[in-house]
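> Structure file target-v2.pdb (PDB, C-alpha atoms and all ligand atoms) right here:
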```pdb
ATOM      1  CA  MET A   9     -30.601  15.604  35.101
ATOM      2  CA  GLY A  10     -30.461  18.736  33.006
ATOM      3  CA  MET A  11     -33.950  18.081  31.714
ATOM      4  CA  CYS A  12     -35.331  18.106  35.315
ATOM      5  CA  PHE A  13     -34.456  21.807  35.502
ATOM      6  CA  ALA A  14     -35.148  22.668  31.873
ATOM      7  CA  ALA A  15     -38.651  21.148  31.837
ATOM      8  CA  SER A  16     -39.677  21.349  35.500
ATOM      9  CA  GLU A  17     -43.429  21.253  34.669
ATOM     10  CA  LYS A  18     -43.122  17.611  33.482
ATOM     11  CA  GLN A  19     -42.291  16.395  37.034
ATOM     12  CA  LEU A  20     -39.209  14.514  35.920
ATOM     13  CA  TYR A  21     -37.982  14.309  39.553
ATOM     14  CA  SER A  22     -40.445  11.529  40.355
ATOM     15  CA  PRO A  23     -40.192   8.987  37.524
ATOM     16  CA  GLY A  24     -43.545   7.402  38.486
ATOM     17  CA  GLN A  25     -45.480  10.563  37.532
ATOM     18  CA  ALA A  26     -43.477  11.524  34.455
ATOM     19  CA  PRO A  27     -44.957  11.003  30.947
ATOM     20  CA  GLU A  28     -44.434   7.514  29.469
ATOM     21  CA  ALA A  29     -41.966   8.608  26.794
ATOM     22  CA  TRP A  30     -39.761  10.095  29.485
ATOM     23  CA  GLN A  31     -39.940   6.916  31.556
ATOM     24  CA  LEU A  32     -38.710   4.944  28.548
ATOM     25  CA  PHE A  33     -35.965   7.502  28.001
ATOM     26  CA  LEU A  34     -34.844   7.175  31.617
ATOM     27  CA  LEU A  35     -34.902   3.391  31.394
ATOM     28  CA  LEU A  36     -32.671   3.413  28.306
ATOM     29  CA  ALA A  37     -30.365   6.035  29.790
ATOM     30  CA  VAL A  38     -29.745   3.802  32.787
ATOM     31  CA  THR A  39     -29.686   0.340  31.184
ATOM     32  CA  LEU A  40     -27.380   1.037  28.218
ATOM     33  CA  PRO A  41     -24.393   2.235  30.306
ATOM     34  CA  LEU A  42     -25.094  -0.580  32.774
ATOM     35  CA  LEU A  43     -25.050  -3.155  29.977
ATOM     36  CA  SER A  44     -21.800  -1.847  28.536
ATOM     37  CA  CYS A  45     -20.175  -1.790  31.976
ATOM     38  CA  THR A  46     -21.236  -5.406  32.522
ATOM     39  CA  LEU A  47     -19.820  -6.366  29.122
ATOM     40  CA  ILE A  48     -16.507  -4.659  29.886
ATOM     41  CA  TYR A  49     -16.400  -6.365  33.284
ATOM     42  CA  TYR A  50     -17.063  -9.726  31.609
ATOM     43  CA  TRP A  51     -14.261  -9.109  29.067
ATOM     44  CA  SER A  52     -11.814  -8.134  31.790
ATOM     45  CA  TRP A  53     -12.074 -11.473  33.622
ATOM     46  CA  ASP A  54      -8.928 -13.565  33.668
ATOM     47  CA  ARG A  55      -6.677 -10.760  32.366
ATOM     48  CA  TRP A  56      -8.930  -9.832  29.428
ATOM     49  CA  THR A  57      -8.946 -13.322  27.864
ATOM     50  CA  ARG A  58     -12.631 -12.914  26.982
ATOM     51  CA  HIS A  59     -12.134  -9.726  24.981
ATOM     52  CA  PRO A  60     -12.919 -10.360  21.267
ATOM     53  CA  LEU A  61      -9.453  -9.181  20.213
ATOM     54  CA  ALA A  62      -7.773 -11.470  22.744
ATOM     55  CA  GLN A  63      -9.884 -14.363  21.509
ATOM     56  CA  THR A  64      -8.888 -13.647  17.902
ATOM     57  CA  LEU A  65      -5.223 -13.628  18.890
ATOM     58  CA  ALA A  66      -5.615 -16.724  21.072
ATOM     59  CA  LEU A  67      -6.380 -18.741  17.915
ATOM     60  CA  TYR A  68      -2.709 -18.380  16.987
ATOM     61  CA  ALA A  69      -1.233 -18.870  20.438
ATOM     62  CA  LEU A  70       0.836 -21.938  21.182
ATOM     63  CA  PRO A  71      -0.676 -24.256  23.830
ATOM     64  CA  GLN A  72       1.798 -23.208  26.544
ATOM     65  CA  SER A  73       1.583 -19.442  25.939
ATOM     66  CA  GLY A  74      -1.360 -17.080  25.947
ATOM     67  CA  TRP A  75      -2.642 -14.457  23.551
ATOM     68  CA  GLN A  76      -0.174 -11.970  25.067
ATOM     69  CA  ALA A  77       2.689 -13.768  23.307
ATOM     70  CA  VAL A  78       0.928 -13.348  19.955
ATOM     71  CA  ALA A  79       0.247  -9.688  20.708
ATOM     72  CA  SER A  80       3.879  -9.002  21.515
ATOM     73  CA  SER A  81       4.999 -10.789  18.331
ATOM     74  CA  ILE A  82       2.673  -8.559  16.310
ATOM     75  CA  ASN A  83       3.908  -5.489  18.189
ATOM     76  CA  THR A  84       7.532  -6.312  17.429
ATOM     77  CA  GLU A  85       6.887  -6.842  13.742
ATOM     78  CA  PHE A  86       4.670  -3.785  13.476
ATOM     79  CA  ARG A  87       7.532  -1.568  14.654
ATOM     80  CA  ARG A  88       9.767  -2.691  11.789
ATOM     81  CA  ILE A  89      10.007  -0.156   9.024
ATOM     82  CA  ASP A  90       9.699  -2.744   6.251
ATOM     83  CA  LYS A  91       6.059  -3.592   6.957
ATOM     84  CA  PHE A  92       3.478  -2.987   4.250
ATOM     85  CA  ALA A  93       0.701  -0.623   5.278
ATOM     86  CA  THR A  94      -2.018   0.983   3.226
ATOM     87  CA  GLY A  95      -5.607   2.151   3.356
ATOM     88  CA  ALA A  96      -7.636   4.808   5.106
ATOM     89  CA  PRO A  97      -7.556   4.951   8.939
ATOM     90  CA  GLY A  98     -10.982   3.248   9.057
ATOM     91  CA  ALA A  99      -9.796   0.188   7.116
ATOM     92  CA  ARG A 100      -6.060  -0.059   7.466
ATOM     93  CA  VAL A 101      -4.271  -3.042   5.924
ATOM     94  CA  ILE A 102      -0.969  -4.080   7.457
ATOM     95  CA  VAL A 103       1.239  -6.928   6.277
ATOM     96  CA  THR A 104       4.276  -7.841   8.352
ATOM     97  CA  ASP A 105       6.682 -10.757   7.990
ATOM     98  CA  THR A 106       4.279 -13.254   9.605
ATOM     99  CA  TRP A 107       0.906 -11.519   9.837
ATOM    100  CA  VAL A 108      -1.771 -10.111   7.576
ATOM    101  CA  MET A 109      -4.018  -7.673   9.423
ATOM    102  CA  LYS A 110      -6.949  -5.470   8.653
ATOM    103  CA  VAL A 111      -7.819  -2.903  11.286
ATOM    104  CA  THR A 112     -11.273  -1.369  11.040
ATOM    105  CA  THR A 113     -13.042   0.881  13.494
ATOM    106  CA  TYR A 114     -14.674  -1.940  15.467
ATOM    107  CA  ARG A 115     -12.715  -5.043  14.498
ATOM    108  CA  VAL A 116      -9.222  -6.317  13.985
ATOM    109  CA  HIS A 117      -8.838  -9.160  11.500
ATOM    110  CA  VAL A 118      -5.660 -11.134  11.934
ATOM    111  CA  ALA A 119      -4.333 -14.013   9.856
ATOM    112  CA  GLN A 120      -0.995 -15.737   9.826
ATOM    113  CA  GLN A 121       0.839 -15.480   6.504
ATOM    114  CA  GLN A 122       1.759 -19.168   6.369
ATOM    115  CA  ASP A 123      -1.854 -20.333   6.319
ATOM    116  CA  VAL A 124      -3.585 -17.716   4.188
ATOM    117  CA  HIS A 125      -4.704 -17.887   0.587
ATOM    118  CA  LEU A 126      -5.117 -14.559  -1.127
ATOM    119  CA  THR A 127      -7.336 -14.187  -4.146
ATOM    120  CA  VAL A 128      -7.977 -11.044  -6.130
ATOM    121  CA  THR A 129     -11.746 -11.121  -6.435
ATOM    122  CA  GLU A 130     -12.592  -7.776  -7.932
ATOM    123  CA  SER A 131     -11.010  -4.804  -9.597
ATOM    124  CA  ARG A 132     -12.692  -1.481 -10.001
ATOM    125  CA  GLN A 133     -11.573   1.270 -12.310
ATOM    126  CA  HIS A 134     -11.910   4.895 -11.266
ATOM    127  CA  ASP A 135     -11.081   7.622 -13.751
ATOM    128  CA  LEU A 136      -9.931  10.086 -11.133
ATOM    129  CA  SER A 137      -8.347   9.615  -7.772
ATOM    130  CA  PRO A 138      -8.602  12.332  -5.114
ATOM    131  CA  ASP A 139      -4.862  12.972  -4.817
ATOM    132  CA  SER A 140      -3.840  13.002  -8.485
ATOM    133  CA  ASN A 141      -5.891  13.262 -11.619
ATOM    134  CA  LEU A 142      -4.695   9.944 -12.975
ATOM    135  CA  PRO A 143      -6.929   6.902 -13.345
ATOM    136  CA  VAL A 144      -6.692   4.436 -10.469
ATOM    137  CA  GLN A 145      -7.613   0.799 -10.172
ATOM    138  CA  LEU A 146      -8.793  -0.514  -6.818
ATOM    139  CA  LEU A 147      -8.355  -4.210  -6.088
ATOM    140  CA  THR A 148     -10.339  -6.265  -3.627
ATOM    141  CA  ILE A 149      -8.369  -9.186  -2.251
ATOM    142  CA  ARG A 150     -10.011 -11.936  -0.222
ATOM    143  CA  VAL A 151      -7.855 -13.275   2.583
ATOM    144  CA  ALA A 152      -8.953 -16.792   3.518
ATOM    145  CA  SER A 153      -7.189 -18.716   6.242
ATOM    146  CA  THR A 154      -6.848 -22.474   6.595
ATOM    147  CA  ASN A 155      -7.162 -21.927  10.340
ATOM    148  CA  PRO A 156     -10.805 -22.932  10.994
ATOM    149  CA  GLY A 157     -11.368 -20.210  13.602
ATOM    150  CA  THR A 158     -10.492 -17.345  11.278
ATOM    151  CA  GLN A 159     -13.197 -15.777   9.177
ATOM    152  CA  PRO A 160     -12.154 -14.717   5.679
ATOM    153  CA  PHE A 161     -11.918 -10.966   5.168
ATOM    154  CA  ASP A 162     -11.465  -8.580   2.249
ATOM    155  CA  ILE A 163      -8.700  -6.050   1.866
ATOM    156  CA  ARG A 164      -8.733  -3.244  -0.678
ATOM    157  CA  LEU A 165      -5.786  -1.493  -2.206
ATOM    158  CA  ASN A 166      -4.644   0.547  -5.160
ATOM    159  CA  SER A 167      -3.190  -1.555  -7.985
ATOM    160  CA  SER A 168       0.016   0.505  -7.883
ATOM    161  CA  GLU A 169       0.679  -0.912  -4.397
ATOM    162  CA  TYR A 170       0.087  -4.467  -5.584
ATOM    163  CA  GLY A 171       3.745  -5.089  -6.438
ATOM    164  CA  GLU A 172       4.838  -3.975  -2.986
ATOM    165  CA  LEU A 173       2.268  -6.282  -1.370
ATOM    166  CA  CYS A 174       3.468  -9.261  -3.441
ATOM    167  CA  GLU A 175       7.033  -8.629  -2.280
ATOM    168  CA  LYS A 176       5.960  -8.726   1.355
ATOM    169  CA  LEU A 177       3.922 -11.918   1.020
ATOM    170  CA  HIS A 178       5.568 -15.318   0.975
ATOM    171  CA  ALA A 179       2.702 -16.979  -0.879
ATOM    172  CA  PRO A 180       1.563 -16.000  -4.378
ATOM    173  CA  ILE A 181      -1.703 -14.128  -4.833
ATOM    174  CA  ARG A 182      -4.207 -15.949  -6.988
ATOM    175  CA  SER A 183      -6.258 -13.953  -9.386
ATOM    176  CA  ALA A 184      -9.846 -14.599 -10.371
ATOM    177  CA  ALA A 185     -10.071 -15.298 -14.103
ATOM    178  CA  ASN A 186     -11.657 -12.022 -15.145
ATOM    179  CA  VAL A 187      -9.447  -9.629 -13.167
ATOM    180  CA  VAL A 188      -6.658  -7.787 -14.959
ATOM    181  CA  ILE A 189      -4.213  -5.970 -12.694
ATOM    182  CA  ARG A 190      -2.764  -2.812 -14.082
ATOM    183  CA  GLN A 191       0.812  -1.933 -13.283
ATOM    184  CA  SER A 192       1.792   1.331 -11.699
ATOM    185  CA  LEU A 193       2.545   4.209 -14.049
ATOM    186  CA  GLY A 194       6.269   3.995 -13.273
ATOM    187  CA  ASP A 195       6.515   0.290 -14.160
ATOM    188  CA  LEU A 196       4.486   0.866 -17.297
ATOM    189  CA  PHE A 197       6.794   3.691 -18.341
ATOM    190  CA  LEU A 198       9.952   1.639 -17.733
ATOM    191  CA  GLU A 199       8.613  -1.058 -20.065
ATOM    192  CA  THR A 200       7.782   1.456 -22.779
ATOM    193  CA  PHE A 201      11.126   3.211 -22.297
ATOM    194  CA  ALA A 202      13.010  -0.078 -22.714
ATOM    195  CA  SER A 203      11.090  -1.030 -25.846
ATOM    196  CA  HIS A 204      11.833   2.365 -27.435
ATOM    197  CA  VAL A 205      15.529   2.185 -26.589
ATOM    198  CA  GLU A 206      15.740  -1.313 -28.130
ATOM    199  CA  VAL A 207      15.053   0.090 -31.602
ATOM    200  CA  ASN A 208      17.638   2.896 -31.340
ATOM    201  CA  PRO A 209      21.028   2.247 -32.985
ATOM    202  CA  ALA A 210      23.409   0.384 -30.673
ATOM    203  CA  TYR A 211      26.655   1.901 -29.414
ATOM    204  CA  SER A 212      29.775  -0.255 -29.501
ATOM    205  CA  VAL A 213      32.305   0.437 -26.752
ATOM    206  CA  PRO A 214      35.984   0.766 -27.692
ATOM    207  CA  SER A 215      37.687  -2.571 -27.012
ATOM    208  CA  ASN A 216      40.064  -1.060 -24.415
ATOM    209  CA  GLN A 217      37.199   0.318 -22.321
ATOM    210  CA  GLU A 218      35.603  -1.888 -19.708
ATOM    211  CA  LEU A 219      32.024  -1.462 -18.596
ATOM    212  CA  GLU A 220      31.654  -0.547 -14.933
ATOM    213  CA  ALA A 221      28.778  -1.291 -12.604
ATOM    214  CA  CYS A 222      25.823   1.085 -12.961
ATOM    215  CA  ILE A 223      26.391   3.959 -10.534
ATOM    216  CA  GLY A 224      22.654   4.182  -9.871
ATOM    217  CA  CYS A 225      21.942   0.703  -8.540
ATOM    218  CA  MET A 226      25.392  -0.987  -8.385
ATOM    219  CA  GLN A 227      23.541  -4.203  -9.258
ATOM    220  CA  THR A 228      24.165  -4.551 -12.985
ATOM    221  CA  ARG A 229      26.681  -3.332 -15.525
ATOM    222  CA  ALA A 230      26.216   0.001 -17.224
ATOM    223  CA  SER A 231      24.295  -0.670 -20.411
ATOM    224  CA  VAL A 232      23.364   2.631 -22.043
ATOM    225  CA  LYS A 233      25.272   5.505 -23.622
ATOM    226  CA  LEU A 234      23.794   8.847 -24.646
ATOM    227  CA  VAL A 235      24.613   9.578 -28.286
ATOM    228  CA  LYS A 236      22.831  12.367 -30.103
ATOM    229  CA  THR A 237      21.112  10.546 -32.945
ATOM    230  CA  CYS A 238      17.764  12.329 -33.174
ATOM    231  CA  GLN A 239      19.050  15.189 -35.376
ATOM    232  CA  GLU A 240      22.258  16.495 -36.973
ATOM    233  CA  PRO A 241      24.920  17.362 -34.329
ATOM    234  CA  ALA A 242      24.405  21.159 -34.437
ATOM    235  CA  VAL A 243      20.621  21.145 -34.890
ATOM    236  CA  GLY A 244      17.832  21.048 -32.323
ATOM    237  CA  GLU A 245      17.678  21.226 -28.551
ATOM    238  CA  CYS A 246      19.521  17.988 -27.787
ATOM    239  CA  GLN A 247      23.207  18.163 -26.913
ATOM    240  CA  GLN A 248      25.964  15.588 -27.253
ATOM    241  CA  CYS A 249      26.902  13.912 -23.962
ATOM    242  CA  TYR A 250      30.562  12.865 -23.652
ATOM    243  CA  CYS A 251      30.161  10.709 -20.525
ATOM    244  CA  ARG A 252      31.243   7.074 -20.724
ATOM    245  CA  PRO A 253      28.483   4.469 -20.185
ATOM    246  CA  MET A 254      27.672   4.711 -16.470
ATOM    247  CA  TRP A 255      24.009   3.775 -16.096
ATOM    248  CA  CYS A 256      21.906   0.692 -16.691
ATOM    249  CA  LEU A 257      18.764   0.905 -18.790
ATOM    250  CA  THR A 258      16.409   0.659 -15.778
ATOM    251  CA  CYS A 259      18.151   3.423 -13.835
ATOM    252  CA  MET A 260      18.230   5.661 -16.913
ATOM    253  CA  GLY A 261      14.502   5.009 -17.388
ATOM    254  CA  LYS A 262      13.822   5.865 -13.747
ATOM    255  CA  TRP A 263      15.870   9.047 -14.077
ATOM    256  CA  PHE A 264      13.971   9.967 -17.243
ATOM    257  CA  ALA A 265      10.631   9.365 -15.494
ATOM    258  CA  SER A 266      11.690  11.286 -12.380
ATOM    259  CA  ARG A 267      12.211  14.458 -14.434
ATOM    260  CA  GLN A 268       8.663  14.355 -15.832
ATOM    261  CA  ASP A 269       5.468  16.046 -14.793
ATOM    262  CA  PRO A 270       3.464  13.293 -13.016
ATOM    263  CA  GLN A 271       0.205  14.958 -14.034
ATOM    264  CA  ARG A 272       0.968  14.797 -17.785
ATOM    265  CA  PRO A 273       2.062  11.233 -18.666
ATOM    266  CA  ASP A 274       1.157  11.879 -22.314
ATOM    267  CA  THR A 275       4.157  14.238 -22.681
ATOM    268  CA  TRP A 276       6.746  11.924 -21.125
ATOM    269  CA  LEU A 277       8.074  10.132 -24.196
ATOM    270  CA  ALA A 278       8.461  13.315 -26.233
ATOM    271  CA  SER A 279      10.331  15.324 -23.604
ATOM    272  CA  ARG A 280      14.030  16.113 -23.139
ATOM    273  CA  VAL A 281      15.884  15.670 -19.857
ATOM    274  CA  PRO A 282      19.466  16.491 -18.789
ATOM    275  CA  CYS A 283      22.090  13.727 -18.600
ATOM    276  CA  PRO A 284      22.323  12.698 -14.910
ATOM    277  CA  THR A 285      26.091  13.267 -14.949
ATOM    278  CA  CYS A 286      26.963  16.136 -17.325
ATOM    279  CA  ARG A 287      23.538  17.800 -17.741
ATOM    280  CA  ALA A 288      23.605  17.669 -21.568
ATOM    281  CA  ARG A 289      19.980  17.481 -22.705
ATOM    282  CA  PHE A 290      18.853  14.317 -24.448
ATOM    283  CA  CYS A 291      15.652  12.761 -25.753
ATOM    284  CA  ILE A 292      14.571   9.131 -25.824
ATOM    285  CA  LEU A 293      15.995   8.699 -29.367
ATOM    286  CA  ASP A 294      19.482   9.469 -28.019
ATOM    287  CA  VAL A 295      19.590   6.605 -25.523
ATOM    288  CA  CYS A 296      21.635   3.810 -27.090
ATOM    289  CA  CYS A 297      22.214   0.315 -25.780
ATOM    290  CA  VAL A 298      25.846  -0.636 -25.373
ATOM    291  CA  ARG A 299      27.014  -3.680 -27.357
TER     292      ARG A 299
HETATM  293 ZN    ZN A 301      21.238   0.728 -12.529
HETATM  294 ZN    ZN A 302      26.520  13.074 -19.938
HETATM  295 ZN    ZN A 303      17.603  14.054 -29.039
END
```
Take the structure in the file and give it back as structure tokens.
Ligand SMILES: [Zn+2]
Ligand SMILES: [Zn+2]
Ligand SMILES: [Zn+2]


Amino acid sequence: MGMCFAASEKQLYSPGQAPEAWQLFLLLAVTLPLLSCTLIYYWSWDRWTRHPLAQTLALYALPQSGWQAVASSINTEFRRIDKFATGAPGARVIVTDTWVMKVTTYRVHVAQQQDVHLTVTESRQHDLSPDSNLPVQLLTIRVASTNPGTQPFDIRLNSSEYGELCEKLHAPIRSAANVVIRQSLGDLFLETFASHVEVNPAYSVPSNQELEACIGCMQTRASVKLVKTCQEPAVGECQQCYCRPMWCLTCMGKWFASRQDPQRPDTWLASRVPCPTCRARFCILDVCCVR
């Protein structure tokens, strides 16, 4: 319409006399919206049962209920806070108690957890990630369903989220032979921390003292005591802590890691942090296992 006024010399008011290119333009401008309206009308028949998303969901519907029942089940589970969600808005991956979903701009892939097989097919190493300057590993996981109507789809995630995904899934994730999954930095540090503490001298508790539950996690008994062993008592930056054993090795490792600069993992093992209870500074050589 605007072009009729803007280029009045081309006689766009009477399509029969307009140049051929403009006739084609007019044809497209009318047919494309018409086609999409027809498609939407076709989808909307029978309460939207012909919509592609409804047809995807209908694959999982029980014979006596429609796709709406599946949709409301997904809605309920999606609202729970314990769902696993990751990925950019254009390729969001969501795992709930019963469903594995990938939401892209034009498609929603849905599979039921009980009949999927997940296989790690590829891992890609990137030296820098946009939000921290640590190396990241991106995993591609193929989700194949035993349901014949469901097409297999790929989900991608950071290897540090892999542990969280495994927790949410009921079935194990298979790994292609040549793919090595790296742990998150935190898990890696906890392992290193534990192996360093193992070689420190052990601390034996007085026989009248009983070990309490770790006050960090309340799951296990306290298993470490801070004893200044790195240097002579009056020398250096470390201080003697007089607290009784109150923490387990994992919680102490997490505390140690939480006081570090996430951008400089190379400095973590050599640093000193305050005791979580009395604030006396200690280094990794001062963490002793309780015997
Ligand atoms: Zn603990
Ligand atoms: Zn202390
Ligand atoms: Zn020390």

> With all atoms listed in the file as the atoms that count, which of A:Gln145, A:Ser203, A:Thr127, A:Gln72 lies nearest to Leu277 (chain A)?

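Under the stated criterion, the closest residue is A:Ser203.
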
> Using the chain letters and residue numbers of this document, give as a VMD selection string the residues selected by the PyMOL selection byres (((not hetatm)) within 8 of (chain A and resi 301)).

chain A and resid 221 to 230 255 to 260

> Kindly list the centre and edge lengths in Å, rounded to one decimal, for the axis-aligned box that covers all listed atoms of region 162-178 of chain A plus 4 Å on each of its six sides, as lines of an AutoDock Vina configuration file.


```
center_x = -2.2
center_y = -7.4
center_z = -2.9
size_x = 26.5
size_y = 23.9
size_z = 18.2
```

> Return as JSON, numbers by chain the residues of protein, DNA or RNA that approach ligand ZN 303 (chain A) to within 12 Å, with all atoms listed in the file taken into account.

{"A": [208, 234, 235, 236, 237, 238, 239, 240, 241, 242, 243, 244, 245, 246, 247, 248, 249, 277, 278, 279, 280, 281, 282, 283, 288, 289, 290, 291, 292, 293, 294, 295, 296]}

> Using the chain letters and numbering of this document, enumerate as a count of residues only the residues selected by the PyMOL selection byres (((chain A and resi 163-175) around 8) and not hetatm).

26

> May I have the residues within 6 Å of Asp123 (chain A) as a list in words, using only C-alpha atoms and disregarding those fewer than 2 positions away in the same chain?

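Listing them by chain and then by number gives Gln120, Gln121, Ser153 and Thr154 of chain A.
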
> Keeping only C-alpha atoms, write the selected residues as a compact mmCIF listing (two decimals), in the coordinates of the input.


```txt
# COMPACT_ATOMS: atom_id res chain seq x y z
CA GLN A 120 -1.00 -15.74 9.83
CA GLN A 121 0.84 -15.48 6.50
CA SER A 153 -7.19 -18.72 6.24
CA THR A 154 -6.85 -22.47 6.60
```

> For a test of reading the model, state the distance in Å between CA of Met254 (chain A) and CA of Leu196 (chain A), rounded to one decimal.

23.5 Å

> Tell me, in Å to one decimal, how far CA of Gln63 (chain A) is from CA of Ala96 (chain A).

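Taking CA of Gln63 (chain A) as the start and CA of Ala96 (chain A) as the end point, the length is 25.3 Å.
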
> Hey, which of A:Leu42, A:Cys297, A:Cys286, A:Ala152 ends up closest to ligand ZN 302 (chain A)? Count all atoms listed in the file.

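Checking each candidate against ligand ZN 302 (chain A), we get A:Cys286 as the closest.
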
> Could you jot down the CA of Ser44 (chain A) to CA of His59 (chain A) separation for me, Å, one decimal place?

13.0 Å

> Taking the file as I've supplied it (selection: the PyMOL selection byres (((chain A and resi 79-91) around 8) and not hetatm)), which residues are included? Please answer as a PyMOL selection string.

chain A and resi 65+75-78+92-93+102-105+107+176

> Point out the residue among A:Tyr68, A:Gln122, A:Thr106, A:Tyr250 with the least atom-to-atom distance to ligand ZN 302 (chain A), counting all atoms listed in the file.

A:Tyr250

> Counting all atoms listed in the file, which of A:Pro253, A:Pro209, A:Pro27, A:Pro273 gets nearest to ligand ZN 302 (chain A)?

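Checking each candidate against ligand ZN 302 (chain A), we get A:Pro253 as the closest.
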
> Given the point (-16.7, -3.5, 12.8) in the file's coordinates, find the residues that have an atom at most 12 Å from it, counting only C-alpha atoms, and give them as a short mmCIF file (atom, residue, chain, number, x, y, z; two decimals) with C-alpha atoms, in the frame of the given file.


```cif
data_model
loop_
_atom_site.label_atom_id
_atom_site.label_comp_id
_atom_site.auth_asym_id
_atom_site.auth_seq_id
_atom_site.Cartn_x
_atom_site.Cartn_y
_atom_site.Cartn_z
CA PRO A 60 -12.92 -10.36 21.27
CA LEU A 61 -9.45 -9.18 20.21
CA GLY A 98 -10.98 3.25 9.06
CA ALA A 99 -9.80 0.19 7.12
CA LYS A 110 -6.95 -5.47 8.65
CA VAL A 111 -7.82 -2.90 11.29
CA THR A 112 -11.27 -1.37 11.04
CA THR A 113 -13.04 0.88 13.49
CA TYR A 114 -14.67 -1.94 15.47
CA ARG A 115 -12.72 -5.04 14.50
CA VAL A 116 -9.22 -6.32 13.98
CA HIS A 117 -8.84 -9.16 11.50
CA PHE A 161 -11.92 -10.97 5.17
#
```

> A:Pro284, A:Gly10, A:Pro160, A:Gly194: which is nearest Val118 (chain A), counting only C-alpha atoms?

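Comparing A:Pro284, A:Gly10, A:Pro160, A:Gly194 against Val118 (chain A), the winner is A:Pro160.
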
> Using only C-alpha atoms and all ligand atoms, find the one residue out of A:Arg252, A:Phe197, A:Val205, A:Gly74 that sits nearest to ligand ZN 302 (chain A).

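Nearest candidate to ligand ZN 302 (chain A) out of A:Arg252, A:Phe197, A:Val205, A:Gly74: A:Arg252.
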